[in-house]
Amino acid sequence: MHHPLKYAQVERERRYLVREIPDGVLYVQEIEDAYIEGTRLRLRQVTSQGEVTRKLGHKVRLGQGPREVASTSLYLDDAEWDRLCTLPVHRVRKRRHHVVRDGHAFAVDEFPDGTLLAE
């Protein structure tokens with residue numbers, strides 16, 4: 001039997017609340033996440049420069065801490081997206097600012113309530 005996370009990419013997450021969006025923004029994306037209730041699945045629609053990308057994601061926390069996650073994504077066509085959007089979900093919208101500063105690349109998510117979260 002194969003390992004259930006065989007195709008997952010392991011990410012090490014670090015998140016920080018910040019007071020402002022820093023200088024060095026390269027581009028901005030509009031993101032709408034729809035977390036499917038009762039699952040570890042997320043529908044994500046990303047709009048960037050007029051292009052729309054839709055994905056189904058699966059995240060599994062690894063180990064004891066919240067920092068390591070195994071992440072897998074599938075790209076969806078319009079029919080798949082429309083069908084999955086009929087499921088009960090919790091929606092989160094944000095604007096993601098992609099930043100390069102002092103040789104480091106990171107993202108700052110701007111939520112509708114003004115919260116800024118750097119990752």
# chains A, B, ... in the order shown; residues from 1 in each chain; ligands from 1

call {"tool": "select_by_dssp", "arguments": {"residues": "chain A", "states": "strand (DSSP E or B)", "output": "VMD selection string"}}
result
chain A and resid 9 to 12 16 to 17 25 to 36 41 to 48 51 to 61 68 to 75 89 to 101 104 to 110 116 to 118

call {"tool": "residues_around", "arguments": {"residues": "A:Phe106", "least_positions_apart": "3", "cutoff": "12 Å", "atoms": "only C-alpha atoms", "output": "PyMOL selection string"}}
result
chain A and resi 13-16+21-27+96-103+109+117-119

call {"tool": "write_last_selection", "arguments": {"atoms": "N, CA and C atoms", "output": "CSV table (one decimal), in the first residue's frame"}}
result
chain,number,residue,atom,x,y,z
A,13,GLU,N,5.1,26.3,7.9
A,13,GLU,CA,4.4,27.6,8.0
A,13,GLU,C,4.9,28.4,9.2
A,14,ARG,N,5.1,29.7,8.9
A,14,ARG,CA,5.4,30.7,9.9
A,14,ARG,C,4.6,31.9,9.6
A,15,ARG,N,3.8,32.3,10.5
A,15,ARG,CA,2.9,33.4,10.3
A,15,ARG,C,3.1,34.5,11.4
A,16,TYR,N,3.0,35.7,11.0
A,16,TYR,CA,3.2,36.9,11.9
A,16,TYR,C,2.2,38.0,11.6
A,21,ILE,N,1.5,46.9,5.2
A,21,ILE,CA,2.1,46.2,4.0
A,21,ILE,C,3.4,46.8,3.7
A,22,PRO,N,4.5,46.0,3.7
A,22,PRO,CA,5.8,46.5,3.5
A,22,PRO,C,6.1,47.0,2.1
A,23,ASP,N,7.1,47.7,1.9
A,23,ASP,CA,7.6,48.1,0.5
A,23,ASP,C,8.0,46.8,-0.2
A,24,GLY,N,8.0,46.8,-1.5
A,24,GLY,CA,8.5,45.7,-2.2
A,24,GLY,C,7.5,44.7,-2.8
A,25,VAL,N,6.2,45.2,-2.8
A,25,VAL,CA,5.2,44.3,-3.4
A,25,VAL,C,5.4,44.2,-4.9
A,26,LEU,N,5.4,42.9,-5.3
A,26,LEU,CA,5.6,42.6,-6.8
A,26,LEU,C,4.3,42.5,-7.5
A,27,TYR,N,3.3,41.8,-6.8
A,27,TYR,CA,2.0,41.7,-7.4
A,27,TYR,C,1.0,41.3,-6.3
A,96,ARG,N,-3.8,39.0,-1.3
A,96,ARG,CA,-2.5,38.5,-1.0
A,96,ARG,C,-1.5,39.4,-1.7
A,97,HIS,N,-0.6,40.0,-1.0
A,97,HIS,CA,0.5,40.9,-1.5
A,97,HIS,C,1.8,40.1,-1.5
A,98,HIS,N,2.3,39.8,-2.7
A,98,HIS,CA,3.6,39.1,-2.8
A,98,HIS,C,4.7,40.1,-2.7
A,99,VAL,N,5.6,39.9,-1.8
A,99,VAL,CA,6.7,40.8,-1.5
A,99,VAL,C,8.0,40.2,-1.6
A,100,VAL,N,9.0,41.0,-2.1
A,100,VAL,CA,10.4,40.6,-2.0
A,100,VAL,C,11.1,41.8,-1.3
A,101,ARG,N,11.7,41.5,-0.2
A,101,ARG,CA,12.4,42.6,0.6
A,101,ARG,C,13.7,42.0,1.2
A,102,ASP,N,14.7,42.7,1.0
A,102,ASP,CA,16.0,42.3,1.6
A,102,ASP,C,16.4,40.9,1.2
A,103,GLY,N,16.0,40.5,0.0
A,103,GLY,CA,16.4,39.2,-0.6
A,103,GLY,C,15.5,38.1,-0.1
A,109,ASP,N,-1.1,38.7,3.7
A,109,ASP,CA,-2.6,38.6,3.4
A,109,ASP,C,-3.3,39.7,4.2
A,117,LEU,N,-1.6,39.5,7.8
A,117,LEU,CA,-0.9,38.4,8.3
A,117,LEU,C,0.2,38.0,7.3
A,118,ALA,N,1.5,38.0,7.7
A,118,ALA,CA,2.6,37.7,6.9
A,118,ALA,C,3.0,36.3,7.0
A,119,GLU,N,3.4,35.7,5.9
A,119,GLU,CA,3.7,34.2,5.9
A,119,GLU,C,5.0,34.1,5.0

call {"tool": "select_by_dssp", "arguments": {"residues": "stretch 12-108 of chain A", "states": "alpha helix (DSSP H)", "output": "PyMOL selection string"}}
result
chain A and resi 78-84

call {"tool": "write_last_selection", "arguments": {"atoms": "C-alpha atoms", "output": "tab-separated table (two decimals), in the first residue's frame"}}
result
chain	number	residue	atom	x	y	z
A	78	ASP	CA	-15.63	25.24	-14.28
A	79	ALA	CA	-18.01	22.26	-14.04
A	80	GLU	CA	-16.04	20.67	-11.18
A	81	TRP	CA	-15.84	24.02	-9.38
A	82	ASP	CA	-19.58	24.66	-9.74
A	83	ARG	CA	-20.44	21.19	-8.44
A	84	LEU	CA	-18.14	21.37	-5.41

call {"tool": "atom_distance", "arguments": {"atom1": "atom CA of A:Thr115", "atom2": "atom CA of A:Leu87"}}
result
27.6 Å

call {"tool": "residues_around", "arguments": {"residues": "A:Arg91", "least_positions_apart": "2", "cutoff": "10 Å", "atoms": "only C-alpha atoms", "output": "PyMOL selection string"}}
result
chain A and resi 32-36+42-44+88-89+93

call {"tool": "closest_residue", "arguments": {"among": "A:Asp77, A:Val60, A:Gln45, A:Thr39", "to": "A:Ala8", "atoms": "only C-alpha atoms"}}
result
A:Val60

call {"tool": "closest_residue", "arguments": {"among": "A:Val46, A:Val52, A:Leu76, A:Leu62", "to": "A:Arg12", "atoms": "only C-alpha atoms"}}
result
A:Leu62

call {"tool": "closest_residue", "arguments": {"among": "A:Ile31, A:Arg40, A:Gln9, A:Val18", "to": "A:Lys94", "atoms": "only C-alpha atoms"}}
result
A:Ile31

call {"tool": "decode", "arguments": {"residues": "stretch 54-69 of chain A", "atoms": "N, CA, C and O atoms", "output": "PDB file, in the first residue's frame"}}
result
ATOM      1  N   ARG A  54      -8.708  27.902 -10.168  1.00  0.00           N
ATOM      2  CA  ARG A  54      -9.532  27.255  -9.146  1.00  0.00           C
ATOM      3  C   ARG A  54      -8.911  25.912  -8.785  1.00  0.00           C
ATOM      4  O   ARG A  54      -8.549  25.128  -9.652  1.00  0.00           O
ATOM      5  N   LYS A  55      -8.835  25.670  -7.464  1.00  0.00           N
ATOM      6  CA  LYS A  55      -8.180  24.456  -6.979  1.00  0.00           C
ATOM      7  C   LYS A  55      -8.974  23.846  -5.823  1.00  0.00           C
ATOM      8  O   LYS A  55      -9.677  24.540  -5.098  1.00  0.00           O
ATOM      9  N   LEU A  56      -8.780  22.546  -5.667  1.00  0.00           N
ATOM     10  CA  LEU A  56      -9.233  21.824  -4.490  1.00  0.00           C
ATOM     11  C   LEU A  56      -7.981  21.435  -3.730  1.00  0.00           C
ATOM     12  O   LEU A  56      -7.083  20.800  -4.291  1.00  0.00           O
ATOM     13  N   GLY A  57      -7.901  21.846  -2.476  1.00  0.00           N
ATOM     14  CA  GLY A  57      -6.713  21.564  -1.679  1.00  0.00           C
ATOM     15  C   GLY A  57      -7.028  20.671  -0.490  1.00  0.00           C
ATOM     16  O   GLY A  57      -8.154  20.638   0.012  1.00  0.00           O
ATOM     17  N   HIS A  58      -6.012  19.949  -0.054  1.00  0.00           N
ATOM     18  CA  HIS A  58      -6.113  19.066   1.104  1.00  0.00           C
ATOM     19  C   HIS A  58      -4.875  19.311   1.950  1.00  0.00           C
ATOM     20  O   HIS A  58      -3.751  19.225   1.449  1.00  0.00           O
ATOM     21  N   LYS A  59      -5.064  19.668   3.221  1.00  0.00           N
ATOM     22  CA  LYS A  59      -3.935  19.913   4.117  1.00  0.00           C
ATOM     23  C   LYS A  59      -4.038  18.995   5.320  1.00  0.00           C
ATOM     24  O   LYS A  59      -5.100  18.839   5.904  1.00  0.00           O
ATOM     25  N   VAL A  60      -2.884  18.402   5.675  1.00  0.00           N
ATOM     26  CA  VAL A  60      -2.803  17.534   6.838  1.00  0.00           C
ATOM     27  C   VAL A  60      -1.685  18.060   7.718  1.00  0.00           C
ATOM     28  O   VAL A  60      -0.549  18.208   7.260  1.00  0.00           O
ATOM     29  N   ARG A  61      -2.007  18.376   8.975  1.00  0.00           N
ATOM     30  CA  ARG A  61      -0.992  18.811   9.937  1.00  0.00           C
ATOM     31  C   ARG A  61      -0.120  17.616  10.306  1.00  0.00           C
ATOM     32  O   ARG A  61      -0.625  16.524  10.563  1.00  0.00           O
ATOM     33  N   LEU A  62       1.197  17.823  10.350  1.00  0.00           N
ATOM     34  CA  LEU A  62       2.145  16.769  10.669  1.00  0.00           C
ATOM     35  C   LEU A  62       2.715  16.988  12.066  1.00  0.00           C
ATOM     36  O   LEU A  62       2.924  18.132  12.476  1.00  0.00           O
ATOM     37  N   GLY A  63       2.998  15.934  12.769  1.00  0.00           N
ATOM     38  CA  GLY A  63       3.639  16.041  14.072  1.00  0.00           C
ATOM     39  C   GLY A  63       2.762  16.726  15.107  1.00  0.00           C
ATOM     40  O   GLY A  63       1.550  16.837  14.964  1.00  0.00           O
ATOM     41  N   GLN A  64       3.411  17.216  16.141  1.00  0.00           N
ATOM     42  CA  GLN A  64       2.709  17.824  17.270  1.00  0.00           C
ATOM     43  C   GLN A  64       2.383  19.299  17.064  1.00  0.00           C
ATOM     44  O   GLN A  64       1.385  19.784  17.522  1.00  0.00           O
ATOM     45  N   GLY A  65       3.249  20.015  16.367  1.00  0.00           N
ATOM     46  CA  GLY A  65       3.057  21.450  16.214  1.00  0.00           C
ATOM     47  C   GLY A  65       2.271  21.808  14.976  1.00  0.00           C
ATOM     48  O   GLY A  65       2.098  21.001  14.077  1.00  0.00           O
ATOM     49  N   PRO A  66       1.796  23.058  14.914  1.00  0.00           N
ATOM     50  CA  PRO A  66       1.004  23.500  13.766  1.00  0.00           C
ATOM     51  C   PRO A  66       1.836  23.930  12.570  1.00  0.00           C
ATOM     52  O   PRO A  66       1.301  24.276  11.539  1.00  0.00           O
ATOM     53  N   ARG A  67       3.155  23.910  12.672  1.00  0.00           N
ATOM     54  CA  ARG A  67       3.984  24.512  11.633  1.00  0.00           C
ATOM     55  C   ARG A  67       4.185  23.663  10.395  1.00  0.00           C
ATOM     56  O   ARG A  67       4.388  24.185   9.315  1.00  0.00           O
ATOM     57  N   GLU A  68       4.175  22.355  10.513  1.00  0.00           N
ATOM     58  CA  GLU A  68       4.396  21.507   9.338  1.00  0.00           C
ATOM     59  C   GLU A  68       3.071  20.967   8.829  1.00  0.00           C
ATOM     60  O   GLU A  68       2.302  20.388   9.587  1.00  0.00           O
ATOM     61  N   VAL A  69       2.848  21.169   7.538  1.00  0.00           N
ATOM     62  CA  VAL A  69       1.642  20.638   6.912  1.00  0.00           C
ATOM     63  C   VAL A  69       2.016  19.973   5.594  1.00  0.00           C
ATOM     64  O   VAL A  69       2.939  20.403   4.906  1.00  0.00           O
TER      65      VAL A  69
END
